[in-house]
Every structure is written in structure tokens, then in C-alpha cells.
Amino acid sequence: MTDTAETLPETMADASDGANQLRQIPAGVWCAAPIGLLLLAGFLAPLIMVVLFSFMPRGTFSPFGVPTLENYVDIFTQKFYISFGWSLFLALISTAILMVVSYPLAVAIRRAAPRRALVLTILIVAPLFVAENIRLQGWVLFLDKAGVLDGSVKALTGFEIGSLVTNVPAIVFGIVYVYLPFMLFPMIMGLANVPPDVKEAASDLGASRWQMFRDIELPLAAPGLLIGGLLCFVISLGAFSEAKFLGKGVVVTIAQDIESAFTFGQNWPRGSALSALVIILAGAAVYLAMRRLDLEKMLGRAS
Amino acid sequence: MASKTILELKQVDKFFGDKAAVERISLEIVEGEFFTIVGPSGSGKTTLIRMLVGMDTPSRGDILLRGERINDVPANKRPTCMVFQSLALFPHMTVGENVAYPLKCRGIEPGARKARAEECLTLAHLPMEYYDRPVTQCSGGERQRVALARALAFDPDILFFDEPLSALDYKLKKLLEKELKDIQRETGKTFIYITHSLEEAMVMSDRIGVMNEGRMVQIGAPREIYRRPNSRFVSEFMGEVNVLPVTAKGGKLHCQSLGTSFEVPPGAQETDGVLIIRPEDMRFVNGEPPVNGVLSGEIFNEYLLGSRVQYQVRAGGTTLLVEKQRDSAAPDPAARITFAPENSMLFAE
Amino acid sequence: MTSDRTLLGDRLLRSYVIFVIIVFYVPMLAVALASISRSRFFVFPIRRTSWKWYNDTFASLQIKEAALTSITIAFFVAILSVALALAGALAYARYDWKGKRVYQQLLLVPIFFPQSVLGLALQIWFSSIGVQMTWTATVFAHLVWIAPIVTLIIAIQAFGYDASIEEAAMDLGASRWQVFRDITLPLLGPGIFSGFLFAVLLSWGNFPLSYFTSGASVTIPEWLYGKMIGGYTPMVPAVGFLSVIAGAIVLIVGLTINNRLQRR
């Protein structure tokens, strides 16, 4: 028996045994390393670069100038906060609608027999693989003046609806349509955390449907709702094509402002400052939600 | 001891952080014995067996296999093998592929592999036609046998079992316990078995080690553990018991709550503590005058336990358990109870 | 009485689900209709139908090139993201290591991020460090978003089976490599396949990341965007519908194979 081992903590004792230090690195670290490096180089670094650029003087193309706050000042003096406000508003209202629209769907898919649930799931996932542009174009063709809807109604009744696009509700509709799967699947995962026998027990104990929903189903499914709501909020903050095609410019979202600052404006620092605001907002929302989630449990660890 | 020691543990500790899961365990396992480690959940028995199999390394102390230190030898380099609690059958393989897997790992050619695998199926009482069946189509008992056959195919020096029978129904469990014992005798291999069920341990084992809170509290033959537990924990772990708090007073043990004194059990040191009597060692007495060591009480409940009946007797504020044969005469509801001093156990507290 | 109400509730729910699914496919239908309308500007009901726009599409070199670019990108993204995700999923679900919880959460962040902003950030980053923006840069950009998704898909599969199976193989004398080849890989098979399928399809349909990083290369969604901005032509719905069909074929073939894998 080695007496040194008495005082050394386990890992140190192991390290002194093995000559090869590399072998002491746990397998998990090795496995996480490639994707970790990818995200470091492809996610973290670009975001840091954006933040750096946001402090550069207007119109420069190097991140190493004299730092200044003028771009952030511009956001307020040149009323860029309006587009920021629109994006926030669109994201919030769309997320709220998504919650209400998706919930019954999630419940139905949870209740359906496995085969049917699979078919429903596939039917809802499939459109995700079609570029957003095409789907939104499809809605324009359907809803616009002389489109499928207007044309059909006119042919059948003689009554003219006119154009249903080029307004804010159309943009909200577009966002809800595009991001519905992102709300639905976390919701289904959340509902999977509600064991059916718990619901039965609650109703056996005299809970009404409403009480069962409020006291049992909702709290247990909360992590799923939270993650879905968060996901939709954050990605719809970046909504871009919806406002462009369905709104046809009635409102300008922050993503459009960012894009034009980079392209037409050729003003990277301004685009960066606007992006930095989005990054901060998205980061804060993600951070707050993540702290409350047990991912292992949600993804269904066997034990 | 005349027989050879196969596995030896010397002062083995395992810490998780600064919490000890296993503490100072020393143990010698004899070649060819059926040794069972019993303990409640959280007693450290799974941690211990994981170290013995090679899936964990001890924080301190040594594990010796035939005198050689194997602390840092990984599981796949040890000549030992385990049947998991979950059985851990490979769900994407057939029964035969499962059983032949250790042979495949060793690079044995397919023909010899199959012959040996079939031998092991027979040994585990599985019909040969199961060989090509997907393992997912087997019943609980059959899966049990596949796991056993697979471990036997490995031909280990020591075969470990981590509560593999705990998920089975009573009847099947009883059957497999006996078969396991038979297989152990037939193959002459050393079996180390862990379970939380003492009943299971009693049926199969040559020796039992009882664990509690990371320590090995008693090691002995089943009879010895049952008749002469060395602590209140072991005696209570063995089944339901009557626990009477007593104080030593002039060569006798006085029980405040019952207002009676008892003899000190033969061979025990007179001390304050608890006196423990098994329900089946209590008996009803009829017609004798009240003397020391006889308790009066009221029967308020009775349960049928197979061939025996258990009575709950309320006496002086405590509830006593008394068991007797079912077919003997029913006791008087106003019962008087006694027990022989040699059947009681005294533990200081 | 309660059962009547439950029945009514179930019917309402079923009608709602059917309604939503129909709504989901309305734009595809509109695109299909627009693609076979002869007139330059879509007017419904269609007066004259024609395959002209499909013929134009197949004749266009530009579109052929865009399709080739999209397919190449999707192929490389799928291969690379499965390789990254397989290792990543083992770290996610299999091994216990310090920092695992943080890793599990950080991996989700790129998924939970506005893609237009990510695309722009990548554009600035690439041009700052002097990376040529072509389709290879787009592959990288897609990986940032898709590899974490594929990791989650494979991780779910890895969570689905008991870790002691691998320990048991180890205990039976298998080396690390044998455990990986004989146990881990076959058990993760369906997850790996689904992940691959997802990667192909998500890459095929992605617009924002491609738009900001592909430089002179043009993918199908980018081509569509350009035409939608620059002036509508009925080739937009024609290409769009073909792209839908291509995606659907990949999905159906993929699901069939997946079904086989799962059943085994």
C-alpha cells in the first residue's frame, strides 16, 4: 500500500501514476472538443467581433480603431429604436399567439396513438425543410389581391376581399406560421413530463378539468412551455423575410435595419451596434430560461 | 483456513467528493464460495461491487486477485465478469450473439464460439432454439438466463451479480435462486452476489457480509448472522423484531415501559441498551402466575403469514409482535407472553 | 353527460388539428398553382395553364448551378455535422465530466439565436479574418447552427438506452474500440440517420445563413430571394415547388429507411 495516497486526493494520485498526461483528460472532454471548437470559432468569435465593431467610428471597416459610443447614440437620435420596438412587439405577440395555438395541437399529438402521432409530427415538421421564402411567397400568392383566396371568393360570390397582406397582422401570421414547429415540439416534450396517472389521480381526487389543467398539467409541462416560448421569442426577434414579404414594408424590423446598415449603408459599426442589442436581449432571455431547465430530464435520460 | 483465498480487500475506501461511499472494507473471499453482500439501498454495496469488477477504482486501499494488486486494472482486462441489475443485454443482437460476445472479443473463431455459447445456454437452462431469437423477444426470466449464460461464456474466475433478480415475480425469483445455487455448485466458480434481500442471501450463500453506511458490519455464515447478529442494525435488518429499551439494575435488565425485569442473555455483558427478541421466539403462556419476564397485554390484531400467525399485542404502551404456528390453539385475547433469555439479544446503546 | 362533453371536446380537437395541418400546406398549394399559370402575373382563378415556367427552369443554367451549390453544401454539412455530433452527443449524454452541464446548455445557444443576426456576424467575422466567402464558408455557417441540432437528435437516442450496456460489453472483455463498433454505433444508428436526414433538409432549406456568407455562390433559396426582391417571375413558384418536391422525396426515402432501421 502506498502511503502517499493517504493524503493525495484521488485525481492527483491517478495523475502521478500515469506518465501520459493526455490520458488523464476525460473521454467526455475529447468528445465535446470538436463541436466546442466549432462553436468557439463559428459562434462566439463572430459575436465578439460584432461587439467590437459596435464601438468603432461610423463607416470604418476595421475593428481596431478608437472606441466610441457614437453608434449607440445614433440608435436613439436617428430613431432606430423604432424598428427595435417593432421587432420586440412582433416577437412578444407572436410568441403569445404561438403558445395558445400550439397547446391544443401538442395535447392532441400526445394523446394520439404512436403511429398517428408520428404521422402528425412528420406533417408538421416537413414544411420546416422548405425555405421560408418559398412558404412566405406561397402565402402572398394565396392572400394577395387576385390571389387564391380573393380570386376564389370573387368567383363564387362576386364579393371582393382585396389584399390581406401589407399589414401588421399579416406579419404576425407569417411569424406564427413559420415558427409553429419550434413551439410545438418543446411543448410536446413538456407534456411528456405529465404522467397520465397523475392526471387520473387528480380527477379521482375531485379536480375539475380546469383545475387539472391549472394545478397539474401546466406546472408539470412548464419547462417545455418555457423552452418553446423562449425559442420562438428569440428567433422571431430576428424576423426578416416575414416583414419584407407579407408586410411589404409597412413596418421595418431590426433585422432589416441591420441588413441595410451592412449592405446599402456600408456602415458596419452601426449594423454591429444594432446586432449587439439583439444579442444582449437574446442572451438575457436564453440565460434566464436555461437556469431553470434540467436538460437531462427533458431529453429523457433513462434512469 | 485450508481453502485458497481468491479475492482480498485491504482497507478499501471510496470517496465521492469528500463523502465516503465505502469505508475501510477488508474482506477475504475463498475460492469456490458463494458470497453475498447484503445491505439496504445506499449502504455502498453497488459502489463496492463496481470497484471489484473494475468500473471504479478505490480511493484508498488495495484489491488483490490471487495475491496480485488489481486496483487500476480496467474491467475489460480483468478475468471477472458481472451480471448487471438491468441485465444490460445487447438489444440489437440475438440471444446467441449476446452469449457469444465475450468469445468474439477474445478473437475465438465462429465455430468454436457457437459451440461454447450453446454449452452455456444449456448450463443456464435455455433451450437451443433460443439461439437465433432476438433478445428483445425474451421474457423476464429468459432474459435473466441469457445474461447468466453470457457471463458464463466469459468463463470468469469470479462471477459478480448486482441484484439481477430484483425485478422478477416471487415464484420465478425462488426458482432462479435455486438454479443459480446449483450452477455455482456445478461449475465450482466463485460467485459474489449483492442484494438488499436477506431472504435471497439466506437461500443461496455460503457466507454473507452485511453492509451499512459504507462499512461491512458483520461477516458470517447465514445461520450465524441470523442467530448471532452483532449489532442492533443487523438484527433489525434480518426481519421484524421486538425492541425493548432496558436499563441494567442489579444483575437484571429493567424495562421501564413494561414495568418488568428480564434475565441478561447468557454470555452477554450486563449493560443499558436494547433487548431484541424475534417474534417467533416469543411465546404465549397460559395459567401461570405473573412473574418476572412474563408480560401481560392485549391482542389487537392478527395476520396470517403462510404457515404462521403473527399477533400484535399491546403491552404497557408498546406494541409487541408474537408469532406462532397457525394450527396450534388460539391464544387468550388477554395474553401473557414470555421468551427464553438465550433467545434474546442485548446491544448497548 | 361528462362522456358527451369529452366526446365533443375530442371532436373539436380533431377538427382543429386537421385545420392546422391544412393551413400548413396552403402556401405549397398556392405555389403549385402559381407555377402552372401561363400569365406573367398570377391571377386566380387561372385562365390558362402551361408548363412553360418549368421548361424555362430546366433550361436555366443559373438555376442548375444554384441547385448544384445547394446540394453540395447540404452534402458536406450533413457529413460533417454527423461526425461532429456523434462525438458531441456522447459527451452530451454518455460521459460524466466536469463542465458537462455548462456544455449541455451552451450547445443550445446557437439554435436559440436569430439566424439573420448570426449570418451577419459570420459575414463580418469572415471578412475581418480574411476568409474568402464562397460555398465553403456557407458550409461552415450552416454547421454552426445544424451541428448542435444533430447533436441533440443523437443525444436523445443515446439517452434512450441504458448506459450499463456499454459497461457490460467492457466487462465482457471488449476494448474501447470494440464497444464503440459493436454496441454504441449500432444502438445510435437510427439517431445518426435521423440526424443526417435533418442536416440535409435543414441545409437545403436555409436562407439567412447562406445569404450572408456565400459571397458569389448562390443557393436555391438565395436565387428565389433575389427574384422575389428584384421582380416576380413565375419561375419563382416553379423553382420553389420543385424544391419542395425534392425535399419531400428526400424526406420520404429517408423516413422509409429510418423505419427499417428502427424496426430491426
# chains A, B, ... in the order shown; residues from 1 in each chain; ligands from 1
call {"tool": "interface_residues", "arguments": {"of": "chain C", "to": "chain A", "cutoff": "6 Å", "atoms": "only C-alpha atoms", "output": "number ranges by chain"}}
result
C: 27, 30-31, 43-45, 84, 87-88, 91, 95, 97, 112-114, 116, 121-122, 125, 144, 156, 159-160, 201-202, 205-206, 240, 244
call {"tool": "write_last_selection", "arguments": {"atoms": "N, CA and C atoms", "output": "compact mmCIF listing (two decimals), in the first residue's frame"}}
result
# COMPACT_ATOMS: atom_id res chain seq x y z
N PRO C 27 -49.69 27.31 -48.43
CA PRO C 27 -48.74 28.02 -49.29
C PRO C 27 -48.12 27.11 -50.35
N ALA C 30 -50.59 27.04 -53.09
CA ALA C 30 -50.61 28.30 -53.84
C ALA C 30 -49.41 28.37 -54.78
N VAL C 31 -48.26 27.93 -54.28
CA VAL C 31 -47.05 27.94 -55.11
C VAL C 31 -47.23 27.02 -56.31
N VAL C 43 -52.92 35.54 -61.39
CA VAL C 43 -54.30 35.93 -61.13
C VAL C 43 -55.11 34.66 -60.98
N PHE C 44 -55.86 34.58 -59.92
CA PHE C 44 -56.66 33.39 -59.67
C PHE C 44 -58.13 33.73 -59.90
N PRO C 45 -58.99 32.93 -60.43
CA PRO C 45 -58.68 31.60 -60.99
C PRO C 45 -57.78 31.69 -62.24
N LEU C 84 -19.28 15.54 -36.20
CA LEU C 84 -19.14 16.38 -35.01
C LEU C 84 -20.16 16.00 -33.95
N ALA C 87 -19.64 12.56 -31.77
CA ALA C 87 -18.76 12.79 -30.62
C ALA C 87 -19.45 13.69 -29.61
N GLY C 88 -20.05 14.76 -30.13
CA GLY C 88 -20.71 15.72 -29.25
C GLY C 88 -21.83 15.10 -28.43
N ALA C 91 -20.51 13.06 -25.51
CA ALA C 91 -20.15 13.95 -24.42
C ALA C 91 -21.40 14.49 -23.74
N TYR C 95 -20.93 10.41 -21.23
CA TYR C 95 -19.85 10.52 -20.27
C TYR C 95 -20.20 11.52 -19.19
N TRP C 97 -18.46 14.26 -16.97
CA TRP C 97 -17.23 15.03 -16.89
C TRP C 97 -17.52 16.41 -16.35
N PHE C 112 -30.85 28.68 -30.42
CA PHE C 112 -31.74 29.71 -29.89
C PHE C 112 -31.20 31.08 -30.27
N PHE C 113 -31.02 31.33 -31.52
CA PHE C 113 -30.42 32.60 -31.87
C PHE C 113 -30.98 33.05 -33.20
N PRO C 114 -31.29 34.36 -33.32
CA PRO C 114 -31.83 34.83 -34.60
C PRO C 114 -30.82 34.57 -35.71
N SER C 116 -30.64 35.56 -38.84
CA SER C 116 -30.18 36.67 -39.68
C SER C 116 -29.01 37.37 -38.99
N ALA C 121 -23.15 38.35 -38.43
CA ALA C 121 -21.98 38.28 -37.56
C ALA C 121 -20.89 37.43 -38.22
N LEU C 122 -21.32 36.32 -38.84
CA LEU C 122 -20.35 35.47 -39.53
C LEU C 122 -19.72 36.20 -40.71
N TRP C 125 -17.13 38.53 -39.40
CA TRP C 125 -16.04 37.73 -38.88
C TRP C 125 -15.18 37.19 -40.03
N VAL C 144 -22.57 25.69 -37.84
CA VAL C 144 -22.72 26.34 -36.53
C VAL C 144 -24.14 26.15 -36.00
N ILE C 156 -30.59 12.37 -27.87
CA ILE C 156 -31.87 11.81 -27.43
C ILE C 156 -31.83 10.29 -27.60
N PHE C 159 -29.67 8.87 -24.87
CA PHE C 159 -30.35 8.84 -23.57
C PHE C 159 -31.32 7.67 -23.51
N GLY C 160 -31.77 7.23 -24.69
CA GLY C 160 -32.81 6.20 -24.74
C GLY C 160 -32.35 4.81 -24.37
N LEU C 201 -31.84 18.28 -44.92
CA LEU C 201 -33.04 19.06 -45.21
C LEU C 201 -32.94 20.49 -44.67
N LEU C 202 -32.37 20.64 -43.48
CA LEU C 202 -32.27 21.98 -42.91
C LEU C 202 -31.31 22.84 -43.74
N GLY C 205 -32.96 23.94 -47.02
CA GLY C 205 -33.98 24.97 -46.92
C GLY C 205 -33.47 26.29 -46.33
N ASN C 206 -32.21 26.31 -45.87
CA ASN C 206 -31.77 27.51 -45.15
C ASN C 206 -31.52 28.69 -46.07
N GLY C 240 -39.58 27.05 -56.64
CA GLY C 240 -40.00 26.79 -55.27
C GLY C 240 -40.67 25.45 -55.14
N VAL C 244 -39.61 22.06 -53.11
CA VAL C 244 -40.49 21.36 -52.16
C VAL C 244 -40.51 19.87 -52.48
call {"tool": "interface_residues", "arguments": {"of": "chain B", "to": "chain C", "cutoff": "6 Å", "atoms": "only C-alpha atoms", "output": "number ranges by chain"}}
result
B: 75-76, 81, 88, 102, 105
call {"tool": "atom_distance", "arguments": {"atom1": "atom CA of Pro79 of chain B", "atom2": "atom CA of Leu165 of chain B"}}
result
23.4 Å
call {"tool": "closest_residue", "arguments": {"among": "B:Ala149, B:Ser59, B:Ala20, B:Gly44", "to": "chain A", "atoms": "only C-alpha atoms"}}
result
B:Ser59
call {"tool": "residues_around", "arguments": {"residues": "Glu240 of chain B", "least_positions_apart": "5", "cutoff": "10 Å", "atoms": "only C-alpha atoms", "output": "list in words"}}
result
Ser235, Ile277, Arg278, Pro279, Glu280 and Leu321 of chain B
call {"tool": "closest_atom_pairs", "arguments": {"of": "chain B", "to": "chain A", "cutoff": "7 Å", "atoms": "only C-alpha atoms", "output": "Markdown table"}}
result
| residue | atom | partner | partner_atom | distance |
| --- | --- | --- | --- | --- |
| B:Ser59 | CA | A:Glu10 | CA | 5.7 |
| B:Arg60 | CA | A:Ala5 | CA | 6.7 |
| B:Gly61 | CA | A:Met1 | CA | 6.7 |
| B:Asp62 | CA | A:Met1 | CA | 6.8 |
call {"tool": "decode", "arguments": {"residues": "segment 143-279 of chain B", "atoms": "C-alpha atoms", "output": "PDB file, in the first residue's frame"}}
result
ATOM      1  CA  ARG B 143     -33.505 -12.601 -20.286  1.00  0.00           C
ATOM      2  CA  GLN B 144     -32.171 -13.445 -16.854  1.00  0.00           C
ATOM      3  CA  ARG B 145     -30.847 -16.724 -18.184  1.00  0.00           C
ATOM      4  CA  VAL B 146     -29.347 -15.078 -21.259  1.00  0.00           C
ATOM      5  CA  ALA B 147     -27.445 -12.658 -19.042  1.00  0.00           C
ATOM      6  CA  LEU B 148     -26.211 -15.553 -16.932  1.00  0.00           C
ATOM      7  CA  ALA B 149     -25.214 -17.608 -19.970  1.00  0.00           C
ATOM      8  CA  ARG B 150     -23.335 -14.645 -21.386  1.00  0.00           C
ATOM      9  CA  ALA B 151     -21.405 -14.202 -18.171  1.00  0.00           C
ATOM     10  CA  LEU B 152     -20.647 -17.945 -18.038  1.00  0.00           C
ATOM     11  CA  ALA B 153     -19.391 -17.830 -21.616  1.00  0.00           C
ATOM     12  CA  PHE B 154     -16.790 -15.363 -20.455  1.00  0.00           C
ATOM     13  CA  ASP B 155     -15.585 -18.133 -18.133  1.00  0.00           C
ATOM     14  CA  PRO B 156     -14.669 -15.731 -15.352  1.00  0.00           C
ATOM     15  CA  ASP B 157     -12.627 -16.544 -12.264  1.00  0.00           C
ATOM     16  CA  ILE B 158     -15.245 -14.731 -10.245  1.00  0.00           C
ATOM     17  CA  LEU B 159     -18.811 -14.077 -11.297  1.00  0.00           C
ATOM     18  CA  PHE B 160     -20.468 -10.994  -9.809  1.00  0.00           C
ATOM     19  CA  PHE B 161     -24.197 -10.348  -9.560  1.00  0.00           C
ATOM     20  CA  ASP B 162     -25.730  -6.945  -8.937  1.00  0.00           C
ATOM     21  CA  GLU B 163     -29.264  -7.736  -7.747  1.00  0.00           C
ATOM     22  CA  PRO B 164     -30.260  -9.296 -11.064  1.00  0.00           C
ATOM     23  CA  LEU B 165     -33.386 -10.948  -9.680  1.00  0.00           C
ATOM     24  CA  SER B 166     -34.944  -7.908  -8.060  1.00  0.00           C
ATOM     25  CA  ALA B 167     -37.405  -7.206 -10.894  1.00  0.00           C
ATOM     26  CA  LEU B 168     -38.879 -10.711 -11.086  1.00  0.00           C
ATOM     27  CA  ASP B 169     -42.033 -12.047  -9.510  1.00  0.00           C
ATOM     28  CA  TYR B 170     -41.756 -14.104  -6.365  1.00  0.00           C
ATOM     29  CA  LYS B 171     -42.170 -17.565  -7.830  1.00  0.00           C
ATOM     30  CA  LEU B 172     -39.682 -17.070 -10.660  1.00  0.00           C
ATOM     31  CA  LYS B 173     -37.254 -15.486  -8.263  1.00  0.00           C
ATOM     32  CA  LYS B 174     -37.366 -18.501  -5.956  1.00  0.00           C
ATOM     33  CA  LEU B 175     -36.798 -20.847  -8.883  1.00  0.00           C
ATOM     34  CA  LEU B 176     -33.854 -18.890 -10.251  1.00  0.00           C
ATOM     35  CA  GLU B 177     -32.250 -18.546  -6.817  1.00  0.00           C
ATOM     36  CA  LYS B 178     -32.112 -22.321  -6.545  1.00  0.00           C
ATOM     37  CA  GLU B 179     -30.858 -22.727 -10.104  1.00  0.00           C
ATOM     38  CA  LEU B 180     -28.159 -20.181  -9.514  1.00  0.00           C
ATOM     39  CA  LYS B 181     -27.005 -22.074  -6.449  1.00  0.00           C
ATOM     40  CA  ASP B 182     -26.982 -25.303  -8.463  1.00  0.00           C
ATOM     41  CA  ILE B 183     -24.975 -23.732 -11.280  1.00  0.00           C
ATOM     42  CA  GLN B 184     -22.494 -22.423  -8.782  1.00  0.00           C
ATOM     43  CA  ARG B 185     -22.047 -25.890  -7.301  1.00  0.00           C
ATOM     44  CA  GLU B 186     -21.830 -27.482 -10.730  1.00  0.00           C
ATOM     45  CA  THR B 187     -19.216 -25.082 -12.095  1.00  0.00           C
ATOM     46  CA  GLY B 188     -17.330 -24.654  -8.838  1.00  0.00           C
ATOM     47  CA  LYS B 189     -16.911 -20.957  -9.574  1.00  0.00           C
ATOM     48  CA  THR B 190     -16.715 -18.189  -7.033  1.00  0.00           C
ATOM     49  CA  PHE B 191     -19.933 -16.169  -7.007  1.00  0.00           C
ATOM     50  CA  ILE B 192     -20.213 -12.777  -5.378  1.00  0.00           C
ATOM     51  CA  TYR B 193     -23.775 -11.591  -5.190  1.00  0.00           C
ATOM     52  CA  ILE B 194     -25.233  -8.374  -3.900  1.00  0.00           C
ATOM     53  CA  THR B 195     -28.806  -7.877  -2.830  1.00  0.00           C
ATOM     54  CA  HIS B 196     -30.917  -5.935  -0.379  1.00  0.00           C
ATOM     55  CA  SER B 197     -33.000  -9.002   0.326  1.00  0.00           C
ATOM     56  CA  LEU B 198     -31.810 -11.080   3.203  1.00  0.00           C
ATOM     57  CA  GLU B 199     -34.141 -13.880   2.257  1.00  0.00           C
ATOM     58  CA  GLU B 200     -32.358 -14.172  -1.092  1.00  0.00           C
ATOM     59  CA  ALA B 201     -28.987 -14.147   0.648  1.00  0.00           C
ATOM     60  CA  MET B 202     -30.032 -16.873   3.091  1.00  0.00           C
ATOM     61  CA  VAL B 203     -31.135 -19.266   0.356  1.00  0.00           C
ATOM     62  CA  MET B 204     -28.000 -19.158  -1.754  1.00  0.00           C
ATOM     63  CA  SER B 205     -24.998 -18.097   0.209  1.00  0.00           C
ATOM     64  CA  ASP B 206     -22.141 -19.914   1.894  1.00  0.00           C
ATOM     65  CA  ARG B 207     -21.270 -16.693   3.649  1.00  0.00           C
ATOM     66  CA  ILE B 208     -22.948 -13.323   3.965  1.00  0.00           C
ATOM     67  CA  GLY B 209     -21.454  -9.892   4.542  1.00  0.00           C
ATOM     68  CA  VAL B 210     -23.816  -7.256   5.880  1.00  0.00           C
ATOM     69  CA  MET B 211     -23.133  -3.653   4.895  1.00  0.00           C
ATOM     70  CA  ASN B 212     -24.405  -0.455   6.425  1.00  0.00           C
ATOM     71  CA  GLU B 213     -23.399   3.125   5.707  1.00  0.00           C
ATOM     72  CA  GLY B 214     -20.365   2.112   3.698  1.00  0.00           C
ATOM     73  CA  ARG B 215     -18.993  -0.351   6.241  1.00  0.00           C
ATOM     74  CA  MET B 216     -19.011  -4.114   6.425  1.00  0.00           C
ATOM     75  CA  VAL B 217     -20.682  -4.595   9.781  1.00  0.00           C
ATOM     76  CA  GLN B 218     -20.757  -8.397  10.009  1.00  0.00           C
ATOM     77  CA  ILE B 219     -19.479 -11.353   8.023  1.00  0.00           C
ATOM     78  CA  GLY B 220     -20.533 -14.925   8.662  1.00  0.00           C
ATOM     79  CA  ALA B 221     -22.480 -17.999   7.607  1.00  0.00           C
ATOM     80  CA  PRO B 222     -26.225 -17.356   7.112  1.00  0.00           C
ATOM     81  CA  ARG B 223     -27.081 -19.216  10.322  1.00  0.00           C
ATOM     82  CA  GLU B 224     -24.559 -17.258  12.317  1.00  0.00           C
ATOM     83  CA  ILE B 225     -25.805 -13.926  11.012  1.00  0.00           C
ATOM     84  CA  TYR B 226     -29.358 -14.904  11.774  1.00  0.00           C
ATOM     85  CA  ARG B 227     -28.774 -16.366  15.233  1.00  0.00           C
ATOM     86  CA  ARG B 228     -25.983 -14.143  16.442  1.00  0.00           C
ATOM     87  CA  PRO B 229     -26.212 -10.684  14.860  1.00  0.00           C
ATOM     88  CA  ASN B 230     -23.510  -8.470  16.313  1.00  0.00           C
ATOM     89  CA  SER B 231     -25.490  -5.237  16.317  1.00  0.00           C
ATOM     90  CA  ARG B 232     -28.972  -3.861  16.555  1.00  0.00           C
ATOM     91  CA  PHE B 233     -28.724  -2.901  12.857  1.00  0.00           C
ATOM     92  CA  VAL B 234     -28.016  -6.449  11.708  1.00  0.00           C
ATOM     93  CA  SER B 235     -30.705  -7.947  13.898  1.00  0.00           C
ATOM     94  CA  GLU B 236     -33.308  -5.494  12.641  1.00  0.00           C
ATOM     95  CA  PHE B 237     -32.192  -5.920   9.041  1.00  0.00           C
ATOM     96  CA  MET B 238     -32.852  -9.651   9.317  1.00  0.00           C
ATOM     97  CA  GLY B 239     -36.580  -9.103   9.793  1.00  0.00           C
ATOM     98  CA  GLU B 240     -39.180  -7.791  12.176  1.00  0.00           C
ATOM     99  CA  VAL B 241     -38.068  -7.802  15.802  1.00  0.00           C
ATOM    100  CA  ASN B 242     -39.264  -6.615  19.200  1.00  0.00           C
ATOM    101  CA  VAL B 243     -37.027  -3.880  20.598  1.00  0.00           C
ATOM    102  CA  LEU B 244     -37.251  -3.255  24.347  1.00  0.00           C
ATOM    103  CA  PRO B 245     -35.237  -0.413  25.885  1.00  0.00           C
ATOM    104  CA  VAL B 246     -33.704  -1.660  29.160  1.00  0.00           C
ATOM    105  CA  THR B 247     -31.511  -0.418  31.973  1.00  0.00           C
ATOM    106  CA  ALA B 248     -29.139  -2.685  33.894  1.00  0.00           C
ATOM    107  CA  LYS B 249     -30.096  -2.992  37.560  1.00  0.00           C
ATOM    108  CA  GLY B 250     -28.502  -5.477  39.939  1.00  0.00           C
ATOM    109  CA  GLY B 251     -27.820  -8.305  37.505  1.00  0.00           C
ATOM    110  CA  LYS B 252     -31.176  -7.864  35.784  1.00  0.00           C
ATOM    111  CA  LEU B 253     -32.434  -5.782  32.858  1.00  0.00           C
ATOM    112  CA  HIS B 254     -35.281  -3.485  33.777  1.00  0.00           C
ATOM    113  CA  CYS B 255     -37.735  -2.371  31.157  1.00  0.00           C
ATOM    114  CA  GLN B 256     -39.376   0.879  32.222  1.00  0.00           C
ATOM    115  CA  SER B 257     -42.218   0.874  29.732  1.00  0.00           C
ATOM    116  CA  LEU B 258     -43.347  -2.680  30.537  1.00  0.00           C
ATOM    117  CA  GLY B 259     -42.575  -2.484  34.223  1.00  0.00           C
ATOM    118  CA  THR B 260     -40.789  -5.836  34.178  1.00  0.00           C
ATOM    119  CA  SER B 261     -37.248  -7.135  34.535  1.00  0.00           C
ATOM    120  CA  PHE B 262     -35.529  -9.694  32.322  1.00  0.00           C
ATOM    121  CA  GLU B 263     -32.555 -12.009  32.655  1.00  0.00           C
ATOM    122  CA  VAL B 264     -29.322 -10.966  30.974  1.00  0.00           C
ATOM    123  CA  PRO B 265     -28.901 -13.194  27.881  1.00  0.00           C
ATOM    124  CA  PRO B 266     -26.273 -15.857  28.563  1.00  0.00           C
ATOM    125  CA  GLY B 267     -22.809 -14.707  27.541  1.00  0.00           C
ATOM    126  CA  ALA B 268     -23.820 -11.042  27.230  1.00  0.00           C
ATOM    127  CA  GLN B 269     -22.334  -8.179  29.224  1.00  0.00           C
ATOM    128  CA  GLU B 270     -24.835  -6.521  31.539  1.00  0.00           C
ATOM    129  CA  THR B 271     -25.418  -3.008  30.124  1.00  0.00           C
ATOM    130  CA  ASP B 272     -28.013  -0.314  29.403  1.00  0.00           C
ATOM    131  CA  GLY B 273     -29.354  -0.647  25.894  1.00  0.00           C
ATOM    132  CA  VAL B 274     -31.949  -2.546  23.940  1.00  0.00           C
ATOM    133  CA  LEU B 275     -33.099  -6.100  24.273  1.00  0.00           C
ATOM    134  CA  ILE B 276     -34.099  -7.647  20.961  1.00  0.00           C
ATOM    135  CA  ILE B 277     -36.352 -10.671  20.578  1.00  0.00           C
ATOM    136  CA  ARG B 278     -37.601 -12.162  17.324  1.00  0.00           C
ATOM    137  CA  PRO B 279     -41.381 -12.579  17.094  1.00  0.00           C
TER     138      PRO B 279
END
